[in-house]
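The structure file structure_28.pdb is reproduced below (PDB, C-alpha atoms and all ligand atoms).
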```
ATOM      1  CA  MET A  28     137.320 -44.539 -12.115  1.00  0.00           C
ATOM      2  CA  ILE A  29     139.773 -45.741 -14.727  1.00  0.00           C
ATOM      3  CA  GLN A  30     140.924 -44.024 -17.895  1.00  0.00           C
ATOM      4  CA  ARG A  31     142.485 -46.055 -20.678  1.00  0.00           C
ATOM      5  CA  HIS A  32     145.292 -43.828 -21.911  1.00  0.00           C
ATOM      6  CA  ALA A  33     146.969 -44.624 -25.234  1.00  0.00           C
ATOM      7  CA  ALA A  34     150.050 -42.475 -24.604  1.00  0.00           C
ATOM      8  CA  THR A  35     153.557 -43.470 -25.771  1.00  0.00           C
ATOM      9  CA  ARG A  36     152.862 -46.541 -23.661  1.00  0.00           C
ATOM     10  CA  LEU A  37     149.280 -47.686 -23.242  1.00  0.00           C
ATOM     11  CA  HIS A  38     148.261 -47.697 -19.598  1.00  0.00           C
ATOM     12  CA  TYR A  39     145.223 -47.525 -17.362  1.00  0.00           C
ATOM     13  CA  ASP A  40     144.930 -44.552 -15.004  1.00  0.00           C
ATOM     14  CA  PHE A  41     143.327 -45.932 -11.869  1.00  0.00           C
ATOM     15  CA  ARG A  42     141.804 -43.171  -9.743  1.00  0.00           C
ATOM     16  CA  LEU A  43     140.120 -43.213  -6.345  1.00  0.00           C
ATOM     17  CA  GLU A  44     138.403 -40.155  -4.925  1.00  0.00           C
ATOM     18  CA  LEU A  45     139.699 -39.191  -1.488  1.00  0.00           C
ATOM     19  CA  ASP A  46     139.619 -35.785   0.239  1.00  0.00           C
ATOM     20  CA  GLY A  47     138.368 -33.969  -2.831  1.00  0.00           C
ATOM     21  CA  VAL A  48     141.065 -35.207  -5.203  1.00  0.00           C
ATOM     22  CA  LEU A  49     141.681 -38.289  -7.321  1.00  0.00           C
ATOM     23  CA  LYS A  50     144.442 -40.431  -5.868  1.00  0.00           C
ATOM     24  CA  SER A  51     146.045 -41.870  -8.987  1.00  0.00           C
ATOM     25  CA  TRP A  52     148.054 -44.838 -10.181  1.00  0.00           C
ATOM     26  CA  ALA A  53     149.221 -45.710 -13.691  1.00  0.00           C
ATOM     27  CA  VAL A  54     148.663 -49.410 -14.388  1.00  0.00           C
ATOM     28  CA  PRO A  55     150.618 -50.625 -17.456  1.00  0.00           C
ATOM     29  CA  LYS A  56     148.503 -53.774 -17.970  1.00  0.00           C
ATOM     30  CA  GLU A  57     144.729 -54.051 -18.145  1.00  0.00           C
ATOM     31  CA  PRO A  58     143.328 -54.813 -14.678  1.00  0.00           C
ATOM     32  CA  LYS A  59     141.605 -58.185 -14.480  1.00  0.00           C
ATOM     33  CA  ALA A  60     138.889 -59.142 -11.995  1.00  0.00           C
ATOM     34  CA  VAL A  61     140.362 -62.555 -11.273  1.00  0.00           C
ATOM     35  CA  VAL A  62     141.146 -63.352  -7.630  1.00  0.00           C
ATOM     36  CA  GLY A  63     144.887 -63.224  -7.010  1.00  0.00           C
ATOM     37  CA  GLU A  64     145.701 -61.294 -10.209  1.00  0.00           C
ATOM     38  CA  LYS A  65     148.276 -58.589  -9.532  1.00  0.00           C
ATOM     39  CA  ARG A  66     149.084 -55.518 -11.558  1.00  0.00           C
ATOM     40  CA  LEU A  67     151.930 -53.082 -11.135  1.00  0.00           C
ATOM     41  CA  ALA A  68     150.405 -49.689 -10.262  1.00  0.00           C
ATOM     42  CA  VAL A  69     152.805 -46.744 -10.329  1.00  0.00           C
ATOM     43  CA  HIS A  70     151.655 -44.064  -7.926  1.00  0.00           C
ATOM     44  CA  VAL A  71     151.400 -40.696  -9.666  1.00  0.00           C
ATOM     45  CA  GLU A  72     150.351 -37.225  -8.579  1.00  0.00           C
ATOM     46  CA  ASP A  73     146.811 -36.447  -7.406  1.00  0.00           C
ATOM     47  CA  HIS A  74     144.440 -35.252 -10.096  1.00  0.00           C
ATOM     48  CA  PRO A  75     141.516 -32.841  -9.674  1.00  0.00           C
ATOM     49  CA  LEU A  76     138.075 -34.463  -9.544  1.00  0.00           C
ATOM     50  CA  GLU A  77     137.073 -32.822 -12.837  1.00  0.00           C
ATOM     51  CA  TYR A  78     139.845 -34.702 -14.602  1.00  0.00           C
ATOM     52  CA  GLY A  79     137.962 -37.938 -13.969  1.00  0.00           C
ATOM     53  CA  ARG A  80     135.416 -36.916 -16.576  1.00  0.00           C
ATOM     54  CA  PHE A  81     138.038 -36.199 -19.229  1.00  0.00           C
ATOM     55  CA  HIS A  82     138.096 -38.271 -22.386  1.00  0.00           C
ATOM     56  CA  GLY A  83     139.388 -37.246 -25.753  1.00  0.00           C
ATOM     57  CA  VAL A  84     142.764 -36.707 -27.323  1.00  0.00           C
ATOM     58  CA  ILE A  85     145.716 -34.979 -25.672  1.00  0.00           C
ATOM     59  CA  PRO A  86     147.454 -33.349 -28.665  1.00  0.00           C
ATOM     60  CA  ASP A  87     150.977 -34.183 -29.801  1.00  0.00           C
ATOM     61  CA  GLY A  88     153.631 -32.144 -28.051  1.00  0.00           C
ATOM     62  CA  HIS A  89     151.695 -32.166 -24.764  1.00  0.00           C
ATOM     63  CA  TYR A  90     152.473 -34.365 -21.803  1.00  0.00           C
ATOM     64  CA  GLY A  91     150.655 -37.684 -22.141  1.00  0.00           C
ATOM     65  CA  ALA A  92     149.765 -37.090 -25.810  1.00  0.00           C
ATOM     66  CA  GLY A  93     147.313 -39.726 -27.005  1.00  0.00           C
ATOM     67  CA  ARG A  94     143.731 -40.849 -26.668  1.00  0.00           C
ATOM     68  CA  VAL A  95     142.059 -41.035 -23.253  1.00  0.00           C
ATOM     69  CA  GLU A  96     138.900 -43.131 -22.853  1.00  0.00           C
ATOM     70  CA  ILE A  97     136.775 -43.724 -19.785  1.00  0.00           C
ATOM     71  CA  TRP A  98     137.376 -47.435 -19.245  1.00  0.00           C
ATOM     72  CA  ASP A  99     135.451 -47.847 -16.011  1.00  0.00           C
ATOM     73  CA  ARG A 100     133.456 -45.675 -13.686  1.00  0.00           C
ATOM     74  CA  GLY A 101     131.602 -46.188 -10.449  1.00  0.00           C
ATOM     75  CA  TRP A 102     132.370 -45.765  -6.785  1.00  0.00           C
ATOM     76  CA  TRP A 103     134.652 -47.307  -4.224  1.00  0.00           C
ATOM     77  CA  GLU A 104     133.963 -48.384  -0.689  1.00  0.00           C
ATOM     78  CA  PRO A 105     137.044 -48.326   1.559  1.00  0.00           C
ATOM     79  CA  VAL A 106     137.445 -51.239   3.978  1.00  0.00           C
ATOM     80  CA  GLY A 107     138.923 -49.614   7.079  1.00  0.00           C
ATOM     81  CA  ASP A 108     140.238 -46.061   7.404  1.00  0.00           C
ATOM     82  CA  PRO A 109     141.254 -44.918   3.905  1.00  0.00           C
ATOM     83  CA  HIS A 110     143.416 -42.025   5.202  1.00  0.00           C
ATOM     84  CA  ALA A 111     145.531 -44.133   7.541  1.00  0.00           C
ATOM     85  CA  ASP A 112     145.674 -46.994   5.043  1.00  0.00           C
ATOM     86  CA  TYR A 113     146.737 -44.720   2.174  1.00  0.00           C
ATOM     87  CA  ARG A 114     149.576 -43.334   4.321  1.00  0.00           C
ATOM     88  CA  LYS A 115     150.540 -46.864   5.322  1.00  0.00           C
ATOM     89  CA  GLY A 116     150.512 -47.975   1.711  1.00  0.00           C
ATOM     90  CA  SER A 117     147.920 -50.689   2.156  1.00  0.00           C
ATOM     91  CA  LEU A 118     144.408 -49.885   0.957  1.00  0.00           C
ATOM     92  CA  LYS A 119     141.578 -52.385   0.847  1.00  0.00           C
ATOM     93  CA  PHE A 120     138.322 -51.546  -0.837  1.00  0.00           C
ATOM     94  CA  VAL A 121     135.284 -52.764  -2.695  1.00  0.00           C
ATOM     95  CA  LEU A 122     134.796 -51.493  -6.236  1.00  0.00           C
ATOM     96  CA  HIS A 123     131.351 -50.824  -7.619  1.00  0.00           C
ATOM     97  CA  GLY A 124     132.244 -50.167 -11.232  1.00  0.00           C
ATOM     98  CA  ARG A 125     130.792 -51.259 -14.520  1.00  0.00           C
ATOM     99  CA  ARG A 126     133.799 -53.461 -15.269  1.00  0.00           C
ATOM    100  CA  LEU A 127     135.537 -53.930 -11.948  1.00  0.00           C
ATOM    101  CA  ARG A 128     133.653 -55.024  -8.869  1.00  0.00           C
ATOM    102  CA  GLY A 129     134.276 -56.744  -5.576  1.00  0.00           C
ATOM    103  CA  GLY A 130     137.244 -56.731  -3.246  1.00  0.00           C
ATOM    104  CA  TRP A 131     140.548 -55.179  -4.285  1.00  0.00           C
ATOM    105  CA  ALA A 132     143.737 -54.023  -2.574  1.00  0.00           C
ATOM    106  CA  LEU A 133     146.464 -51.526  -3.411  1.00  0.00           C
ATOM    107  CA  VAL A 134     149.717 -52.269  -1.627  1.00  0.00           C
ATOM    108  CA  ARG A 135     152.904 -50.213  -1.781  1.00  0.00           C
ATOM    109  CA  MET A 136     156.034 -52.213  -2.456  1.00  0.00           C
ATOM    110  CA  ARG A 137     159.277 -51.545  -0.628  1.00  0.00           C
ATOM    111  CA  PRO A 138     161.584 -49.327  -2.699  1.00  0.00           C
ATOM    112  CA  ARG A 139     164.460 -51.295  -4.174  1.00  0.00           C
ATOM    113  CA  GLY A 140     167.973 -49.986  -3.619  1.00  0.00           C
ATOM    114  CA  ASP A 141     169.044 -46.409  -3.012  1.00  0.00           C
ATOM    115  CA  ASP A 142     168.967 -45.214  -6.614  1.00  0.00           C
ATOM    116  CA  PRO A 143     167.071 -41.893  -6.553  1.00  0.00           C
ATOM    117  CA  ARG A 144     165.646 -42.790  -9.957  1.00  0.00           C
ATOM    118  CA  ASP A 145     163.785 -45.578  -8.178  1.00  0.00           C
ATOM    119  CA  ARG A 146     161.937 -43.059  -6.011  1.00  0.00           C
ATOM    120  CA  LYS A 147     158.834 -43.732  -8.071  1.00  0.00           C
ATOM    121  CA  GLU A 148     156.369 -45.497  -5.828  1.00  0.00           C
ATOM    122  CA  ASN A 149     155.470 -48.892  -7.119  1.00  0.00           C
ATOM    123  CA  TRP A 150     152.290 -50.361  -5.739  1.00  0.00           C
ATOM    124  CA  LEU A 151     150.435 -53.559  -6.611  1.00  0.00           C
ATOM    125  CA  LEU A 152     146.770 -53.627  -7.535  1.00  0.00           C
ATOM    126  CA  ILE A 153     145.455 -56.987  -6.378  1.00  0.00           C
ATOM    127  CA  LYS A 154     142.082 -58.633  -6.921  1.00  0.00           C
ATOM    128  CA  GLU A 155     140.979 -60.028  -3.604  1.00  0.00           C
ATOM    129  CA  ARG A 156     138.318 -62.502  -2.689  1.00  0.00           C
ATOM    130  CA  ASP A 157     134.874 -60.942  -2.875  1.00  0.00           C
ATOM    131  CA  LYS A 158     133.838 -60.990   0.777  1.00  0.00           C
ATOM    132  CA  ALA A 159     130.406 -59.557   0.089  1.00  0.00           C
ATOM    133  CA  ARG A 160     129.604 -62.332  -2.349  1.00  0.00           C
ATOM    134  CA  ALA A 161     130.911 -64.964   0.076  1.00  0.00           C
ATOM    135  CA  ALA A 162     128.764 -63.499   2.853  1.00  0.00           C
ATOM    136  CA  ARG A 163     125.683 -63.517   0.629  1.00  0.00           C
ATOM    137  CA  ALA A 164     126.354 -67.120  -0.326  1.00  0.00           C
ATOM    138  CA  ARG A 165     126.604 -68.092   3.351  1.00  0.00           C
ATOM    139  CA  ALA A 166     123.399 -66.229   4.151  1.00  0.00           C
ATOM    140  CA  ALA A 167     121.604 -67.979   1.296  1.00  0.00           C
ATOM    141  CA  ALA A 168     122.838 -71.474   2.205  1.00  0.00           C
ATOM    142  CA  PRO A 169     120.344 -72.255   5.035  1.00  0.00           C
ATOM    143  CA  ALA A 170     117.424 -71.279   2.786  1.00  0.00           C
ATOM    144  CA  ARG A 171     118.626 -73.687   0.097  1.00  0.00           C
ATOM    145  CA  THR A 172     119.023 -76.410   2.706  1.00  0.00           C
ATOM    146  CA  ARG A 173     115.460 -75.879   3.929  1.00  0.00           C
ATOM    147  CA  GLY A 174     114.181 -76.024   0.397  1.00  0.00           C
ATOM    148  CA  ARG A 175     115.378 -79.603  -0.153  1.00  0.00           C
TER     149      ARG A 175
HETATM  150 MN    MN A 201     147.900 -41.394 -18.048  1.00  0.00          MN
END
```
Turn the structure described in the file into structure tokens.
Amino acid sequence: MIQRHAATRLHYDFRLELDGVLKSWAVPKEPKAVVGEKRLAVHVEDHPLEYGRFHGVIPDGHYGAGRVEIWDRGWWEPVGDPHADYRKGSLKFVLHGRRLRGGWALVRMRPRGDDPRDRKENWLLIKERDKARAARARAAAPARTRGR
């Protein structure tokens, strides 16, 4: 699920349920379902599942003050072992959301330099080719050929 969060800086909180929590990334630019599009996704702390239903306004003076809207919701289908891949920093999955669908990947980038302020984990959210759609198209092709 994704929350659009109009905090000091507008961002999209991208959350995937794993092991009873929401693994979370803050994406500064709106995700786009165009193959090859990449978005910076800053890994942030896990959030409780209940938080995924939150929308409303975080009041001034509180962390993340600003409006939170549910931007997308649905479910995700890991491709491979999500636990090992999360640890490795290379997750592949299929999204079944209202806005975002098809194949996606989240890939951790190598930290740059030794500056402890750069300890933030930067990942990339990448729209991948939609394998399911390609497979369906292949499966449908012989039928179309027969029909001619
Ligand atoms: Mn946020």
_Taking all atoms listed in the file and a cut-off of 12 Å, can you tell me which residues surround ligand MN 201 (chain A), written as number ranges by chain?_
A: 29-42, 51-55, 68-74, 78-79, 81-82, 84-85, 90-97
Just write the chosen residues, C-alpha atoms, as a short mmCIF file (atom, residue, chain, number, x, y, z; two decimals), keeping the file's coordinate frame.
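Dumped everything to again.cif:
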```cif
data_model
loop_
_atom_site.label_atom_id
_atom_site.label_comp_id
_atom_site.auth_asym_id
_atom_site.auth_seq_id
_atom_site.Cartn_x
_atom_site.Cartn_y
_atom_site.Cartn_z
CA ILE A 29 139.77 -45.74 -14.73
CA GLN A 30 140.92 -44.02 -17.90
CA ARG A 31 142.49 -46.06 -20.68
CA HIS A 32 145.29 -43.83 -21.91
CA ALA A 33 146.97 -44.62 -25.23
CA ALA A 34 150.05 -42.48 -24.60
CA THR A 35 153.56 -43.47 -25.77
CA ARG A 36 152.86 -46.54 -23.66
CA LEU A 37 149.28 -47.69 -23.24
CA HIS A 38 148.26 -47.70 -19.60
CA TYR A 39 145.22 -47.52 -17.36
CA ASP A 40 144.93 -44.55 -15.00
CA PHE A 41 143.33 -45.93 -11.87
CA ARG A 42 141.80 -43.17 -9.74
CA SER A 51 146.04 -41.87 -8.99
CA TRP A 52 148.05 -44.84 -10.18
CA ALA A 53 149.22 -45.71 -13.69
CA VAL A 54 148.66 -49.41 -14.39
CA PRO A 55 150.62 -50.62 -17.46
CA ALA A 68 150.40 -49.69 -10.26
CA VAL A 69 152.80 -46.74 -10.33
CA HIS A 70 151.66 -44.06 -7.93
CA VAL A 71 151.40 -40.70 -9.67
CA GLU A 72 150.35 -37.22 -8.58
CA ASP A 73 146.81 -36.45 -7.41
CA HIS A 74 144.44 -35.25 -10.10
CA TYR A 78 139.84 -34.70 -14.60
CA GLY A 79 137.96 -37.94 -13.97
CA PHE A 81 138.04 -36.20 -19.23
CA HIS A 82 138.10 -38.27 -22.39
CA VAL A 84 142.76 -36.71 -27.32
CA ILE A 85 145.72 -34.98 -25.67
CA TYR A 90 152.47 -34.36 -21.80
CA GLY A 91 150.66 -37.68 -22.14
CA ALA A 92 149.76 -37.09 -25.81
CA GLY A 93 147.31 -39.73 -27.00
CA ARG A 94 143.73 -40.85 -26.67
CA VAL A 95 142.06 -41.04 -23.25
CA GLU A 96 138.90 -43.13 -22.85
CA ILE A 97 136.78 -43.72 -19.78
#
```
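The shortest atom-to-atom distance to Ser117 of chain A, with all atoms listed in the file taken into account, belongs to A:Leu151 out of A:Asp99, A:Pro75, A:Arg156, A:Leu151.
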*Contacts of Lys119 of chain A within 8 Å, only C-alpha atoms, excl. fewer than 6 positions in-chain, as an MDAnalysis selection string*: chainID A and resid 105:107 112 130:133
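From atom CA of Lys56 of chain A back to atom CA of Arg80 of chain A, the distance works out to 21.4 Å.
Counting from atom CA of Leu122 of chain A, the distance to atom CA of Ala60 of chain A is 10.4 Å.
Relative to atom CA of Gly88 of chain A, atom CA of Arg100 of chain A is found at 28.2 Å.
With only C-alpha atoms as the basis for measurement, A:Gly101 is the residue among A:Val62, A:Glu57, A:Pro86, A:Gly101 that approaches Leu43 of chain A most closely.
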Given 5 Å on each side, where is the centre and what are the edge lengths in Å to one decimal of the axis-aligned box enclosing the listed atoms of segment 57-73 of chain A, as AutoDock Vina command-line options?
```
--center_x 145.8 --center_y -49.9 --center_z -12.6 --size_x 23.9 --size_y 36.9 --size_z 21.1
```
*Selected residue of minimal separation from Lys50 of chain A among A:Tyr113, A:Lys65, A:Asp157, A:Phe120, counting only C-alpha atoms*: A:Tyr113
